[in-house]
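Student: Quick one: the structure is below, and I'll ask about it shortly.
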Amino acid sequence: MTTIKLHNTRTRGKEVLDPINPDDVRLYLCGPTVYDRAHLGNARPVVVFDVLYRLLRHAYGADHVTYARNFTDVDDKINATALARMEAGVPGTLEELVQERTEETISWYLNDMGQLGALEPDHMPRATAYIPQMIAMIEELIAKDHAYADGAGHVLFSVKSYADYGALSGRSVDDMIAGARVEVADNKRDPMDFVLWKPSTDELPGWESPWGRGRPGWHIECSAMSHELFGDSFDIHAGGNDLMFPHHENEIAQSCCAHPDGEFAKIWLHNEMLQVEGKKMSKSLGNFFTVRDLLDQGYPGEVIRLVFLQTHYRKPMDWTDKKAKESEATLRKWRALTKGAVPATTATTSVIDALSDDLNTAGALTELHRLASGGEAADLLASAQLLGLLSEEMGAWAEGEDIDLTAYENALFDARQAAMATKDFSEVDRLKTAYLAAGVEVRMSKDSVELVPGPEFDADKLSAI
Ligand code: AMP
Ligand code: ZN
């Protein structure tokens, strides 16, 4: 059995994964709020924890891992996009427009993440389908004196009622108040208290509850959905490190207070943020783009994935155009090398070992390069596929170039045949020089011409010849 070690945010160290039930290893990832296209940063946790999902399936068997990733489909930002549409004259009630928006965004999301080679989780719960469970959990928290209603439609969680609050990020409540914009409100007994339920207007989505028509706070969603799907305790909870506080601290407080016999998630994993060319991605810097923007610009999903995997998930990662070019060349080379190869029955031990060491994807890629330089096509293919690379479905982008290269090979072959007769080799030399300049290695034997794209391969230069 593969021993998998993971860095647990809660204990601040690497731990051996010791599943509660090895026949059903359970992983929960906080998913997106579905109001717009996913930006490139949103894709990082999806790709990183997709590798974890694949590794767990490898180690415990595909039928013995359950992966859940939610959709937050009730939120002010969703309501705002629906309202803007209504004001722009789109027909329908606000509720209908909200629903249209969430449906549309969810289908974009699944499509975009699929292009990056992410397997679909076993469960993709939508918050709006779990409102009764959220209400039940809130009632339980009130009954246990961990929450209170303000009499005006709000229910708040009492942070002081949970002594371990802040244990995940290792900060005291006072530090957290100092570091965060904590909203002080008249209805709060303590500034740190956070909303479990709040009133909704008649036009906006809302549900009947013991506290009037309203809607849940964000944090209770993940606590209620993970409990419904996984029970009191499960193995791994993951998300971006921007969610550690307050979202994950609040999830822990709610879940552990409502279900004190369980321990909620045993291991907490957090990915670091993505930057672009060394800067924080932001709309004001003009370096903000969605996954779809990149795909539309012609970056294959597989290339984006390989760029992501070069950086360890607990380090900030930088998206650069240079990395994308290099990754494209690498994948072309690997795809050419493994063309027609049958994958080995399992990934190479060194690749599995690297991934099992807290998802050392960079180390795993070093091993793939080693296999490639040794020409070990079958091992390379099986190992790359464990990382979600070199799959048949993702290869269409590289296929097109293959066909093109055959045409260029034929052109050079024909030019040489002609030159043999005329003794004028200028056209042969011209083609060879142009191919080299396009980053293509030219291998000529007596009766064949083979073109191999190298790391500098540039399809545009080639087609301009
Ligand atoms: P949101 O829809 O904003 O709740 O974000 C969905 C997921 O994307 C969360 O797990 C965030 O932690 C993650 N995320 C957001 N921005 C970035 C970023 N720049 N880099 C990496 N992950 C991010
Ligand atoms: Zn969550």
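So you can find residues: chains in the structure tokens are A, B, ... in the order shown, residues in each start at 1, and ligands are numbered from 1 in order.
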Would you mind listing what lies within 12 Å of Ser107 (chain A) as a list of chain:residue names, with only C-alpha atoms counted and same-chain residues fewer than 2 positions away left out?

Tutor: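 What passes the distance filter is A:Val34, A:Tyr35, A:Asp36, A:Arg37, A:Ala38, A:Phe71, A:Glu100, A:Arg101, A:Thr102, A:Glu103, A:Glu104, A:Thr105, A:Tyr109, A:Leu110, A:Asn111, A:Asp112, A:Met113, A:Gly114.
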
Student: For the interface of region 5-57 of chain A with region 224-246 of chain A (cut-off 8 Å, counting only C-alpha atoms), please tabulate each contacting residue of region 5-57 of chain A alongside its nearest pair of atoms and their separation in Å to one decimal, rows sorted by chain and increasing number, as a tab-separated table.

Tutor:
residue	atom	partner	partner_atom	distance
A:Pro19	CA	A:Asp235	CA	6.0
A:Ile20	CA	A:Asp235	CA	6.6
A:Val25	CA	A:Asp235	CA	6.5
A:Arg26	CA	A:Asp235	CA	5.4
A:Leu27	CA	A:Ile236	CA	4.8
A:Tyr28	CA	A:His237	CA	4.8
A:Leu29	CA	A:Ala238	CA	4.7
A:Cys30	CA	A:Gly239	CA	5.5
A:Gly31	CA	A:Gly239	CA	8.0
A:Pro45	CA	A:Gly240	CA	6.3
A:Phe49	CA	A:Ala238	CA	7.7

Student: Can I get the selection written as a tab-separated table (two decimals), in the first residue's frame, with all heavy atoms?

Tutor:
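Contents of result_20.tsv, as written:
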chain	number	residue	atom	x	y	z
A	19	PRO	N	-6.67	6.76	6.55
A	19	PRO	CA	-8.10	6.99	6.34
A	19	PRO	C	-8.97	6.39	7.43
A	19	PRO	O	-8.66	5.32	7.96
A	19	PRO	CB	-8.37	6.31	5.00
A	19	PRO	CG	-7.06	6.15	4.34
A	19	PRO	CD	-6.05	6.01	5.44
A	20	ILE	N	-10.06	7.09	7.74
A	20	ILE	CA	-11.04	6.60	8.71
A	20	ILE	C	-11.58	5.26	8.21
A	20	ILE	O	-11.72	4.31	8.97
A	20	ILE	CB	-12.18	7.63	8.85
A	20	ILE	CG1	-11.62	8.96	9.38
A	20	ILE	CG2	-13.29	7.09	9.77
A	20	ILE	CD1	-12.59	10.14	9.27
A	25	VAL	N	-12.39	6.65	1.20
A	25	VAL	CA	-11.58	7.82	1.56
A	25	VAL	C	-12.33	9.04	1.06
A	25	VAL	O	-12.71	9.11	-0.11
A	25	VAL	CB	-10.18	7.73	0.92
A	25	VAL	CG1	-9.32	8.90	1.38
A	25	VAL	CG2	-9.52	6.41	1.26
A	26	ARG	N	-12.58	10.01	1.95
A	26	ARG	CA	-13.46	11.13	1.60
A	26	ARG	C	-12.71	12.47	1.55
A	26	ARG	O	-12.01	12.81	2.50
A	26	ARG	CB	-14.62	11.18	2.58
A	26	ARG	CG	-15.65	10.08	2.33
A	26	ARG	CD	-16.45	9.72	3.56
A	26	ARG	NE	-15.61	9.05	4.55
A	26	ARG	CZ	-15.94	8.91	5.83
A	26	ARG	NH1	-17.07	9.39	6.28
A	26	ARG	NH2	-15.13	8.27	6.66
A	27	LEU	N	-12.89	13.15	0.43
A	27	LEU	CA	-12.22	14.43	0.16
A	27	LEU	C	-13.27	15.49	-0.19
A	27	LEU	O	-14.10	15.26	-1.07
A	27	LEU	CB	-11.25	14.23	-1.02
A	27	LEU	CG	-10.70	15.47	-1.74
A	27	LEU	CD1	-9.79	16.28	-0.82
A	27	LEU	CD2	-9.91	15.04	-2.99
A	28	TYR	N	-13.21	16.61	0.51
A	28	TYR	CA	-14.14	17.72	0.23
A	28	TYR	C	-13.33	18.96	-0.16
A	28	TYR	O	-12.38	19.34	0.53
A	28	TYR	CB	-14.98	18.04	1.48
A	28	TYR	CG	-16.04	19.09	1.24
A	28	TYR	CD1	-17.35	18.73	0.93
A	28	TYR	CD2	-15.74	20.45	1.34
A	28	TYR	CE1	-18.32	19.70	0.70
A	28	TYR	CE2	-16.71	21.42	1.11
A	28	TYR	CZ	-18.00	21.03	0.79
A	28	TYR	OH	-18.97	21.99	0.57
A	29	LEU	N	-13.72	19.58	-1.26
A	29	LEU	CA	-13.06	20.81	-1.71
A	29	LEU	C	-14.10	21.92	-1.82
A	29	LEU	O	-15.15	21.73	-2.43
A	29	LEU	CB	-12.39	20.59	-3.08
A	29	LEU	CG	-11.81	21.83	-3.78
A	29	LEU	CD1	-10.63	22.41	-3.01
A	29	LEU	CD2	-11.35	21.47	-5.21
A	30	CYS	N	-13.79	23.09	-1.24
A	30	CYS	CA	-14.70	24.23	-1.39
A	30	CYS	C	-14.71	24.66	-2.86
A	30	CYS	O	-13.66	24.94	-3.44
A	30	CYS	CB	-14.23	25.41	-0.54
A	30	CYS	SG	-14.40	25.09	1.20
A	31	GLY	N	-15.88	24.69	-3.42
A	31	GLY	CA	-16.00	25.00	-4.84
A	31	GLY	C	-16.32	26.47	-5.08
A	31	GLY	O	-16.28	27.29	-4.15
A	45	PRO	N	-6.80	25.33	-7.31
A	45	PRO	CA	-7.23	24.25	-6.42
A	45	PRO	C	-7.85	23.07	-7.17
A	45	PRO	O	-7.66	21.92	-6.78
A	45	PRO	CB	-8.26	24.93	-5.49
A	45	PRO	CG	-8.61	26.23	-6.13
A	45	PRO	CD	-7.44	26.62	-6.98
A	49	PHE	N	-6.01	19.55	-6.56
A	49	PHE	CA	-6.70	18.50	-5.81
A	49	PHE	C	-7.26	17.42	-6.73
A	49	PHE	O	-7.63	16.34	-6.27
A	49	PHE	CB	-7.73	19.13	-4.85
A	49	PHE	CG	-7.04	20.02	-3.85
A	49	PHE	CD1	-7.26	21.39	-3.81
A	49	PHE	CD2	-6.09	19.49	-2.99
A	49	PHE	CE1	-6.58	22.22	-2.92
A	49	PHE	CE2	-5.39	20.30	-2.09
A	49	PHE	CZ	-5.64	21.66	-2.06

Student: Rank nothing, just name the residue among A:Val428, A:Met137, A:Ala464, A:Ile252 nearest to ligand 2, using only C-alpha atoms and all ligand atoms.

Tutor: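 Closest residue, counting only C-alpha atoms and all ligand atoms: A:Ile252.
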
Student: When you count only C-alpha atoms, which of these residues is closest to Ala377 (chain A): A:Ile267, A:Leu390, A:Ile138, A:Met273?

Tutor: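 That would be A:Leu390, the residue with the smallest distance to Ala377 (chain A).
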
Student: Got a sec: who's within 9 Å of Ala82 (chain A), counting only C-alpha atoms, leaving out chain neighbours fewer than 2 positions off, as a PyMOL selection string?

Tutor: chain A and resi 77-80+84-87+94-101

Student: How would the residues just chosen look if you wrote them out with C-alpha atoms as a compact mmCIF listing (two decimals), in the first residue's frame?

Tutor:
# COMPACT_ATOMS: atom_id res chain seq x y z
CA LYS A 77 -22.81 38.57 -6.40
CA ILE A 78 -25.14 36.18 -8.21
CA ASN A 79 -28.10 38.34 -7.26
CA ALA A 80 -26.26 41.42 -8.52
CA ALA A 84 -28.09 43.92 -13.84
CA ARG A 85 -29.62 41.66 -16.48
CA MET A 86 -33.10 42.57 -15.42
CA GLU A 87 -32.24 46.25 -15.64
CA LEU A 94 -35.31 38.04 -10.52
CA GLU A 95 -35.44 34.49 -9.21
CA GLU A 96 -35.58 33.10 -12.73
CA LEU A 97 -32.66 35.26 -13.80
CA VAL A 98 -30.67 34.11 -10.77
CA GLN A 99 -31.32 30.51 -11.72
CA GLU A 100 -30.41 31.09 -15.35
CA ARG A 101 -27.16 32.68 -14.27

Student: Go through A:His146, A:Asp164, A:His312, A:Asp73 and flag the residue nearest Gly217 (chain A), using only C-alpha atoms for the distances.

Tutor: A:Asp73

Student: With only C-alpha atoms as the counted atoms, please give the residues lying no more than 10 Å from Glu140 (chain A), apart from itself and same-chain residues fewer than 5 positions off, as number ranges by chain.

Tutor: A: 134-135, 145-147, 254, 257-259

Student: How about saving the chosen residues, N, CA and C atoms kept, as a PDB file, in the first residue's frame?

Tutor:
ATOM      1  N   MET A 134     -29.308  22.743   6.224  1.00  0.00           N
ATOM      2  CA  MET A 134     -28.686  23.929   6.845  1.00  0.00           C
ATOM      3  C   MET A 134     -29.557  24.441   7.988  1.00  0.00           C
ATOM      4  N   ILE A 135     -30.867  24.494   7.729  1.00  0.00           N
ATOM      5  CA  ILE A 135     -31.786  24.962   8.774  1.00  0.00           C
ATOM      6  C   ILE A 135     -31.702  24.040   9.993  1.00  0.00           C
ATOM      7  N   ASP A 145     -26.730  26.283  22.375  1.00  0.00           N
ATOM      8  CA  ASP A 145     -26.213  27.583  22.841  1.00  0.00           C
ATOM      9  C   ASP A 145     -24.950  28.051  22.130  1.00  0.00           C
ATOM     10  N   HIS A 146     -24.801  27.633  20.900  1.00  0.00           N
ATOM     11  CA  HIS A 146     -23.672  28.121  20.098  1.00  0.00           C
ATOM     12  C   HIS A 146     -24.127  29.191  19.099  1.00  0.00           C
ATOM     13  N   ALA A 147     -25.427  29.423  19.056  1.00  0.00           N
ATOM     14  CA  ALA A 147     -25.937  30.413  18.104  1.00  0.00           C
ATOM     15  C   ALA A 147     -27.173  31.069  18.693  1.00  0.00           C
ATOM     16  N   GLN A 254     -18.771  25.606  13.341  1.00  0.00           N
ATOM     17  CA  GLN A 254     -20.157  25.149  13.158  1.00  0.00           C
ATOM     18  C   GLN A 254     -20.253  23.630  13.267  1.00  0.00           C
ATOM     19  N   CYS A 257     -19.296  22.136  16.761  1.00  0.00           N
ATOM     20  CA  CYS A 257     -20.287  22.454  17.795  1.00  0.00           C
ATOM     21  C   CYS A 257     -21.600  21.703  17.548  1.00  0.00           C
ATOM     22  N   ALA A 258     -21.976  21.547  16.291  1.00  0.00           N
ATOM     23  CA  ALA A 258     -23.225  20.833  16.001  1.00  0.00           C
ATOM     24  C   ALA A 258     -23.040  19.327  16.195  1.00  0.00           C
ATOM     25  N   HIS A 259     -21.850  18.824  15.905  1.00  0.00           N
ATOM     26  CA  HIS A 259     -21.593  17.377  15.989  1.00  0.00           C
ATOM     27  C   HIS A 259     -20.344  17.122  16.826  1.00  0.00           C
TER      28      HIS A 259
END

Student: Looking at A:Asp23, A:Thr2, A:Glu203, A:Asp414, which one is nearest to Ser350 (chain A), with distances taken over only C-alpha atoms?

Tutor: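 Residue with the minimum atom-to-atom distance to Ser350 (chain A): A:Thr2.
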
Student: List the neighbours of Val307 (chain A) out to 7 Å using only C-alpha atoms; skip same-chain residues closer than 6 positions along the sequence, and give me the result as a PyMOL selection string.

Tutor: chain A and resi 323-324+327
